[in-house]
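In what follows, a single structure is set out as structure tokens and then discussed.
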Amino acid sequence: MPRLTLFKKILVITLLLSLLPLFVSSAILLMNLQSISTKLTDEISRTDDRQATQSLQMKARDLAENIRDFLHQCESDLLFLSRSRLDRSTLLDFYQTRLSEVWQRGGSATATQGTHEFRPIYRSIAIIDRNGMEQTVIRNGQLVPKEQLRDVADPANTEFKSEEYFRRVRALKPGEIYVSHLTGFHVSKQEQLAGAKDPESAYDGKSYQGGIRFGSPLYDSKGKFSGMVLLTLDHQHLMEFTQHIDPGKGFATLFPSYQSGNYAFLFDDEGWIITHPKFWDLRGVDQTGRLVPPYTAHSKKEDVDSGRIPFNLDHAGFIHKSYPTVSAAVRNRQEGFVDITNVGGAKKIMAYAPIFYDTGDYARHGVFGGVTIGFQVDQFHEASRKGSRLIDRQLGEHRRTSALIILATALVSALSAWLLSRGISIPLRQLTESAGKLAAGDSHVRVAVNSSDEIGVLANTFNYMADELDLRKQSILSTLDELRKSRLEILDERNFKESVLESISSGIVTFSPQGRLTSINRTGRLFLGEGLAAETHYTEVFKGWGVLNERISQVLSKQSGYGRETFRFDHGPGKTHFDVGFFPIGADAEQGLTVTLRNETQRENLQEEMMRLDRLASLGKLSAGIAHEVRNPLTGISLLLDDLHDQASSSPEDRDLIKKALAEIERVEKLVNALLNYSSPVRAEFRECDLNRLVCDTVLLMRRQCERQKVQLNLSEGEVPPLRLDPEKIKQAVLNIIKNAQEALPEGGRIEVATSVQDGYAVIGIGDDGPGIASQDLPLIFEPFFTRKGAGTGLGLSITQRIVEEHHGKVRVETAPGAGTRFTVELPL
């Protein structure tokens with residue numbers, strides 16, 4: 001940082017006094033102008049928003065009234081036809097005269113302007129007799145041949161495989177009208193796009209084919225039901241109401257841009273979308289006539305990718321919370337607008353209005369549905385942006401003018417300040433240069449005194465200081481040489497001690513006689529934590545280390561009990577067994593106490609594992625020998641008892657006794673087989689398997705047995721990739737745990753089985769809400785032949801543990817009295 005000289009100080013102070021007020025006033029003026037600009041821009045934006053929103057609401061309201069009038073016109077056509085002669089010529093004439101203009105796209109990318117033509121309003125006209133048999137049907141301008149007429153009393157015979165209009169119309173009174181919801185086969189995303197990137201460019205894709213049924217009953221002169229008239233409104237004419245609206249351009253368009261957000265759509269009173277640029281959003285049924293479920297947060301990925309996800313506003317809250325709000329408001333016969341973001345990511349304002357209509361299925365809410373018109377938010381603010389740019393230009397010109405004024409003022413102020421500071425700083429320059437030479441080491445430099453004012457006094461003082469410095473310099477240099485030698489010796493000794501302490505694998509911690517931490521090596525910080533600071537009391541250092549604090553307190557207070565002891569602590573995997581030493585510093589610990597910590601966990605674990613393996617090996621040999629020696633005599637005894645049981649001379653009491661003996665022998669035989677399986681397990685055959693399916697099969701195997709015991713067995717499957725394992729052995733392990741859980745619930749209860757993936761392991765969790773495992777039994781549950789059940793062998797969990805270890809996995813158990821037990825099996829992916 002450059003030195004701030006007296007010349008510079010006077011110069012800076014003068015400039016600040018002259019320029020600071022100018023800068024402050026200009027900044028305040030600019031901030032006020034900027035604030036006015038921001039407020040004006042915001043007011044213009046709010047005005048644009050209000051005007052655009054009112055315009056959208058008015059368009060939505062007018063469109064809703066047009067659709068209502070159109071539906072009432074369809075009712076009038078139906079009533080007119082039901083009162084007319086229903087011969088073929090009348091029906092054909094009616095069909096051909098009910099036309100409406102359709103503006104549609106061409107069949108390829110070259111026909112982007114589309115064509116205008118008049119098409120029949122009704123997809124079909126049908127006369128149906130009292131039994132549901134079609135008598136006359138006109139479809140696509142042609143009379144349907146008699147052999148193709150169907151019995152529509154069965155919904156499966158209707159056009160869309162599940163329609164019940166015959167039953168609904170038959171239940172009406174004379175003059176009443178049935179109006180259905182939109183019905184048609186669902187169109188998937190691939191079918192509409194046909195390889196195109198978006199709906200606007202999908203000229204050759206599939207269109208939605210469906211309609212709304214209008215039906216009226218026919219009664220003969222005696223007042224008996226004789227049949228019905230059915231008109232099917234072609235869905236294409238509903239699309240005409242919304243397909244050509246483009247509020248962004250302010251005029252009609254052949255096909256709206258979905259990505260821009262500037263389009264309109266209709267939805268019915270149940271929230272289903274019935275007109276939309278994306279045909280796969282429309283309500284529809286599959287080829288069997290079942291309604292395709294709506295798009296939700298839980299929809300399958302393959303359904304989303306294929307576009308098999310019709311849109312229902314009541315279920316679309318996960319996309320934007322305003323969608324269910326709009327649907328509910330329309331059912332309450334309300335209109336308004338909301339800010340929304342569609343699936344394509346466009347932020348827009350969406351105005352909505354209800355279509356008042358209460359015929360047929362729509363009498364429930366008194367609305368046919370709702371009209372929505374969306375407009376992209378950014379396009380509302382074009383006027384405010386133009387005004388903001390004009391204001392910014394004016395502010396820029398003002399800034400340039402202010403900058404020129406400030407620059408001129410600064411030049412004049414700088415010149416005045418330079419002249420003033422120069423007159424003061426020249427007499428001091430010689431003194432400054434001499435002081436610099438003195439600081440550089442020239443102790444012989446002196447300053448000539450030419451005045452008796454304050455500067456002269458300062459020069460005399462400087463000369464005296466130079467004399468004193470010359471004398472003390474020599475003394476300091478000799479002292480520094482001695483200190484440098486002492487420092488090097490101390491550093492060498494300290495580095496040697498630190499190197500020795502840091503290289504030791506044991507933790508070494510020292511405390512003052514008052515129990516305050518004085519030092520700790522690197523291994524000690526690994527055991528006790530990196531955040532320990534000097535002067536921390538030993539109760540905080542060893543917090544959570546059990547009786548260790550009491551042991552240190554005893555050593556410090558009684559000044560006895562030195563030496564090494566082994567302790568067991570629960571400080572996570574690999575830190576459970578420690579050899580702890582207590583050694584005094586000085587006579588009777590007058591200078592403090594040293595505590596050493598050595599981790600003996602691995603050695604203890606190896607000893608325990610060797611003892612367990614020795615027990616299992618001895619048990620395997622003993623089991624094989626016992627099983628071999630006992631099985632042959634058991635077979636002979638069983639055959640002899642069978643012969644005695646079959647002899648007719650035996651009394652019933654004898655036969656009962658023999659039967660019980662045979663049952664006990666069979667129980668011993670099962671125990672012998674379990675011993676053989678445990679002592680000589682079959683070698684695992686690993687292959688790639690679906691773990692979810694394997695666990696599901698095991699749960700199905702146990703479900704009936706659990707139901708007889710009033711135990712609810714539930715399975716929750718997570719996403720688990722295929723992995724290599726022995727399916728039969730894993731099934732046996734899962735079966736053993738589920739059986740134990742079932743036996744723990746004699747009065748009924750619940751067993752939860754779940755699969756998941758965690759940290760590179762496939763996890764199987766099996767939990768019950770039984771009484772739990774006693775704390776004294778928990779360390780023994782995986783030991784062979786340990787059981788609390790009178791009829792058990794005690795080998796189930798031991799076999800399960802061996803199967804999991806054979807798969808290089810782990811099995812853990814968590815239990816609490818009265819809160820149930822949970823086994824967790826982890827298999828490496």
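Residue numbering restarts at 1 in every chain; chains get A, B, ... in the order shown in the structure tokens, and ligands count up from 1 in that same order.
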Contact table range 735-754 of chain A vs range 820-824 of chain A, cut-off 10 Å, shortest pair per residue, only C-alpha atoms, as CSV:
residue,atom,partner,partner_atom,distance
A:Ile737,CA,A:Phe823,CA,7.6
A:Ile738,CA,A:Phe823,CA,9.6
A:Ala741,CA,A:Thr821,CA,8.1
A:Ala744,CA,A:Gly820,CA,9.2
A:Leu745,CA,A:Gly820,CA,9.9
A:Arg750,CA,A:Gly820,CA,9.8
A:Ile751,CA,A:Arg822,CA,9.5
A:Glu752,CA,A:Arg822,CA,9.0
A:Val753,CA,A:Arg822,CA,9.6
A:Ala754,CA,A:Thr824,CA,9.6
List the spatial neighbours of range 769-784 of chain A as a PyMOL selection string - criterion: any atom at most 9 Å away, only C-alpha atoms, same-chain residues fewer than 6 positions off excluded. chain A and resi 616+619+741-742+744-745+748-752+793-801+813-822
Can you pull out every residue within 9 Å of Leu79 in chain A, counting only C-alpha atoms, but drop anything in the same chain fewer than 6 positions away, and send it as a CSV table (one decimal) with N, CA, C and O atoms, in the first residue's frame?
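Writing done, so here's result.csv:
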chain,number,residue,atom,x,y,z
A,175,GLY,N,-89.6,-36.7,-23.0
A,175,GLY,CA,-89.2,-35.4,-23.1
A,175,GLY,C,-87.8,-35.1,-22.4
A,175,GLY,O,-87.2,-34.1,-22.6
A,177,ILE,N,-83.8,-35.8,-21.6
A,177,ILE,CA,-82.6,-36.0,-22.4
A,177,ILE,C,-81.4,-36.5,-21.6
A,177,ILE,O,-81.2,-36.0,-20.5
A,216,SER,N,-82.6,-39.6,-26.3
A,216,SER,CA,-84.0,-39.3,-25.8
A,216,SER,C,-84.8,-40.5,-26.1
A,216,SER,O,-84.8,-41.2,-27.1
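Considering only C-alpha atoms, the residue among A:Lys278, A:Arg168, A:Lys9, A:Arg123 positioned nearest to His237 in chain A is A:Arg123.
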Range 351-355 of chain A surroundings by only C-alpha atoms, 10 Å radius, close-in-sequence under 5 positions cut, as a VMD selection string: chain A and resid 52 to 69 264 to 269 326 to 327 329 to 339 366 to 375
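The shell of residues at most 9 Å from range 701-704 of chain A, with only C-alpha atoms counted and near chain neighbours (fewer than 6 positions) removed, consists of Val711, Gln712, Leu713, Asn714, Leu735, Ile738 and Lys739 of chain A.
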Take the residues that were just selected and, keeping N, CA, C and O atoms, output them as a PDB file, in the first residue's frame.
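Printed below is out_3.pdb as written:
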ATOM      1  N   VAL A 711     -52.587 -63.112  11.365  1.00  0.00           N
ATOM      2  CA  VAL A 711     -51.391 -62.279  11.239  1.00  0.00           C
ATOM      3  C   VAL A 711     -51.418 -61.636   9.869  1.00  0.00           C
ATOM      4  O   VAL A 711     -51.529 -62.320   8.849  1.00  0.00           O
ATOM      5  N   GLN A 712     -51.337 -60.314   9.837  1.00  0.00           N
ATOM      6  CA  GLN A 712     -51.342 -59.557   8.574  1.00  0.00           C
ATOM      7  C   GLN A 712     -49.913 -59.467   8.038  1.00  0.00           C
ATOM      8  O   GLN A 712     -49.041 -58.904   8.681  1.00  0.00           O
ATOM      9  N   LEU A 713     -49.692 -60.052   6.867  1.00  0.00           N
ATOM     10  CA  LEU A 713     -48.351 -60.095   6.249  1.00  0.00           C
ATOM     11  C   LEU A 713     -48.341 -59.142   5.055  1.00  0.00           C
ATOM     12  O   LEU A 713     -49.039 -59.358   4.069  1.00  0.00           O
ATOM     13  N   ASN A 714     -47.562 -58.072   5.137  1.00  0.00           N
ATOM     14  CA  ASN A 714     -47.518 -57.041   4.094  1.00  0.00           C
ATOM     15  C   ASN A 714     -46.143 -57.014   3.450  1.00  0.00           C
ATOM     16  O   ASN A 714     -45.125 -57.257   4.100  1.00  0.00           O
ATOM     17  N   LEU A 735     -37.573 -67.157   4.765  1.00  0.00           N
ATOM     18  CA  LEU A 735     -38.640 -67.984   5.325  1.00  0.00           C
ATOM     19  C   LEU A 735     -38.405 -68.230   6.814  1.00  0.00           C
ATOM     20  O   LEU A 735     -39.342 -68.174   7.624  1.00  0.00           O
ATOM     21  N   ILE A 738     -39.390 -65.029   8.723  1.00  0.00           N
ATOM     22  CA  ILE A 738     -40.851 -64.805   8.744  1.00  0.00           C
ATOM     23  C   ILE A 738     -41.527 -65.811   9.680  1.00  0.00           C
ATOM     24  O   ILE A 738     -42.450 -65.478  10.424  1.00  0.00           O
ATOM     25  N   LYS A 739     -41.046 -67.093   9.665  1.00  0.00           N
ATOM     26  CA  LYS A 739     -41.637 -68.093  10.563  1.00  0.00           C
ATOM     27  C   LYS A 739     -41.423 -67.708  12.023  1.00  0.00           C
ATOM     28  O   LYS A 739     -42.327 -67.846  12.857  1.00  0.00           O
TER      29      LYS A 739
END
Could you pull out the strand (DSSP E or B) residues of range 226-445 of chain A from DSSP and send them as an MDAnalysis selection string? chainID A and resid 226:234 264:268 272:275 285 291 312 336:341 347:356 367:376
Any idea what's packed within 10 Å of Val447 in chain A, counting only C-alpha atoms, ignoring anything in its chain fewer than 4 positions away? Could you give it as number ranges by chain? A: 430-435, 456, 458-463, 466
Those same residues - N, CA and C atoms - I'd like them written as a PDB file, in the first residue's frame.
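Done, and the output landed in selection34.pdb:
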ATOM      1  N   GLN A 430      13.126  17.269   3.286  1.00  0.00           N
ATOM      2  CA  GLN A 430      14.498  16.935   3.661  1.00  0.00           C
ATOM      3  C   GLN A 430      14.527  16.049   4.903  1.00  0.00           C
ATOM      4  N   LEU A 431      13.661  16.371   5.888  1.00  0.00           N
ATOM      5  CA  LEU A 431      13.582  15.554   7.096  1.00  0.00           C
ATOM      6  C   LEU A 431      13.102  14.130   6.773  1.00  0.00           C
ATOM      7  N   THR A 432      12.182  14.003   5.869  1.00  0.00           N
ATOM      8  CA  THR A 432      11.663  12.689   5.478  1.00  0.00           C
ATOM      9  C   THR A 432      12.742  11.839   4.821  1.00  0.00           C
ATOM     10  N   GLU A 433      13.541  12.465   3.932  1.00  0.00           N
ATOM     11  CA  GLU A 433      14.593  11.716   3.253  1.00  0.00           C
ATOM     12  C   GLU A 433      15.654  11.237   4.244  1.00  0.00           C
ATOM     13  N   SER A 434      16.004  12.086   5.223  1.00  0.00           N
ATOM     14  CA  SER A 434      16.987  11.690   6.226  1.00  0.00           C
ATOM     15  C   SER A 434      16.455  10.547   7.087  1.00  0.00           C
ATOM     16  N   ALA A 435      15.185  10.616   7.447  1.00  0.00           N
ATOM     17  CA  ALA A 435      14.585   9.533   8.238  1.00  0.00           C
ATOM     18  C   ALA A 435      14.596   8.216   7.459  1.00  0.00           C
ATOM     19  N   GLY A 456      11.893  22.875  13.137  1.00  0.00           N
ATOM     20  CA  GLY A 456      13.228  22.899  13.713  1.00  0.00           C
ATOM     21  C   GLY A 456      13.307  22.026  14.950  1.00  0.00           C
ATOM     22  N   LEU A 458      11.476  19.471  15.593  1.00  0.00           N
ATOM     23  CA  LEU A 458      11.405  18.092  15.113  1.00  0.00           C
ATOM     24  C   LEU A 458      12.768  17.629  14.610  1.00  0.00           C
ATOM     25  N   ALA A 459      13.554  18.517  13.947  1.00  0.00           N
ATOM     26  CA  ALA A 459      14.880  18.147  13.438  1.00  0.00           C
ATOM     27  C   ALA A 459      15.837  17.858  14.581  1.00  0.00           C
ATOM     28  N   ASN A 460      15.813  18.693  15.659  1.00  0.00           N
ATOM     29  CA  ASN A 460      16.657  18.432  16.819  1.00  0.00           C
ATOM     30  C   ASN A 460      16.327  17.093  17.477  1.00  0.00           C
ATOM     31  N   THR A 461      15.035  16.835  17.602  1.00  0.00           N
ATOM     32  CA  THR A 461      14.611  15.555  18.190  1.00  0.00           C
ATOM     33  C   THR A 461      15.076  14.382  17.340  1.00  0.00           C
ATOM     34  N   PHE A 462      15.010  14.534  16.011  1.00  0.00           N
ATOM     35  CA  PHE A 462      15.455  13.483  15.103  1.00  0.00           C
ATOM     36  C   PHE A 462      16.944  13.191  15.298  1.00  0.00           C
ATOM     37  N   ASN A 463      17.774  14.212  15.421  1.00  0.00           N
ATOM     38  CA  ASN A 463      19.214  14.017  15.601  1.00  0.00           C
ATOM     39  C   ASN A 463      19.516  13.296  16.912  1.00  0.00           C
ATOM     40  N   ALA A 466      18.694   9.640  16.517  1.00  0.00           N
ATOM     41  CA  ALA A 466      19.691   8.933  15.720  1.00  0.00           C
ATOM     42  C   ALA A 466      20.884   8.541  16.569  1.00  0.00           C
TER      43      ALA A 466
END
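For the pair CA of Val804 in chain A and CA of His577 in chain A, the interatomic distance is 26.2 Å.
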Residue contacts of Gly132 in chain A (8 Å, only C-alpha atoms) excluding same-chain residues fewer than 2 positions away, as an mmCIF file with N, CA and C atoms, in the first residue's frame:
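Final file, around07.cif:
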data_model
loop_
_atom_site.group_PDB
_atom_site.id
_atom_site.type_symbol
_atom_site.label_atom_id
_atom_site.label_comp_id
_atom_site.auth_asym_id
_atom_site.auth_seq_id
_atom_site.Cartn_x
_atom_site.Cartn_y
_atom_site.Cartn_z
ATOM 1 N N ILE A 128 -82.764 -47.033 -31.936
ATOM 2 C CA ILE A 128 -82.595 -48.282 -31.200
ATOM 3 C C ILE A 128 -83.956 -48.704 -30.679
ATOM 4 N N ASP A 129 -84.275 -50.023 -30.795
ATOM 5 C CA ASP A 129 -85.590 -50.495 -30.349
ATOM 6 C C ASP A 129 -85.605 -50.696 -28.841
ATOM 7 N N ARG A 130 -86.729 -51.151 -28.335
ATOM 8 C CA ARG A 130 -86.929 -51.255 -26.887
ATOM 9 C C ARG A 130 -86.027 -52.289 -26.229
ATOM 10 N N GLU A 134 -80.020 -52.059 -32.476
ATOM 11 C CA GLU A 134 -79.999 -50.948 -33.415
ATOM 12 C C GLU A 134 -80.872 -51.276 -34.619
ATOM 13 N N ASP A 151 -76.396 -55.157 -30.707
ATOM 14 C CA ASP A 151 -77.252 -55.078 -29.524
ATOM 15 C C ASP A 151 -76.514 -54.250 -28.480
ATOM 16 N N VAL A 152 -76.882 -52.947 -28.374
ATOM 17 C CA VAL A 152 -76.151 -52.043 -27.482
ATOM 18 C C VAL A 152 -76.670 -52.096 -26.052
ATOM 19 N N ALA A 153 -77.637 -52.988 -25.766
ATOM 20 C CA ALA A 153 -78.032 -53.166 -24.370
ATOM 21 C C ALA A 153 -76.861 -53.713 -23.561
ATOM 22 N N PHE A 166 -77.824 -46.995 -23.317
ATOM 23 C CA PHE A 166 -79.141 -47.617 -23.457
ATOM 24 C C PHE A 166 -79.843 -47.692 -22.107
ATOM 25 N N GLY A 227 -88.270 -47.430 -27.632
ATOM 26 C CA GLY A 227 -86.918 -47.322 -28.183
ATOM 27 C C GLY A 227 -86.324 -45.964 -27.849
#
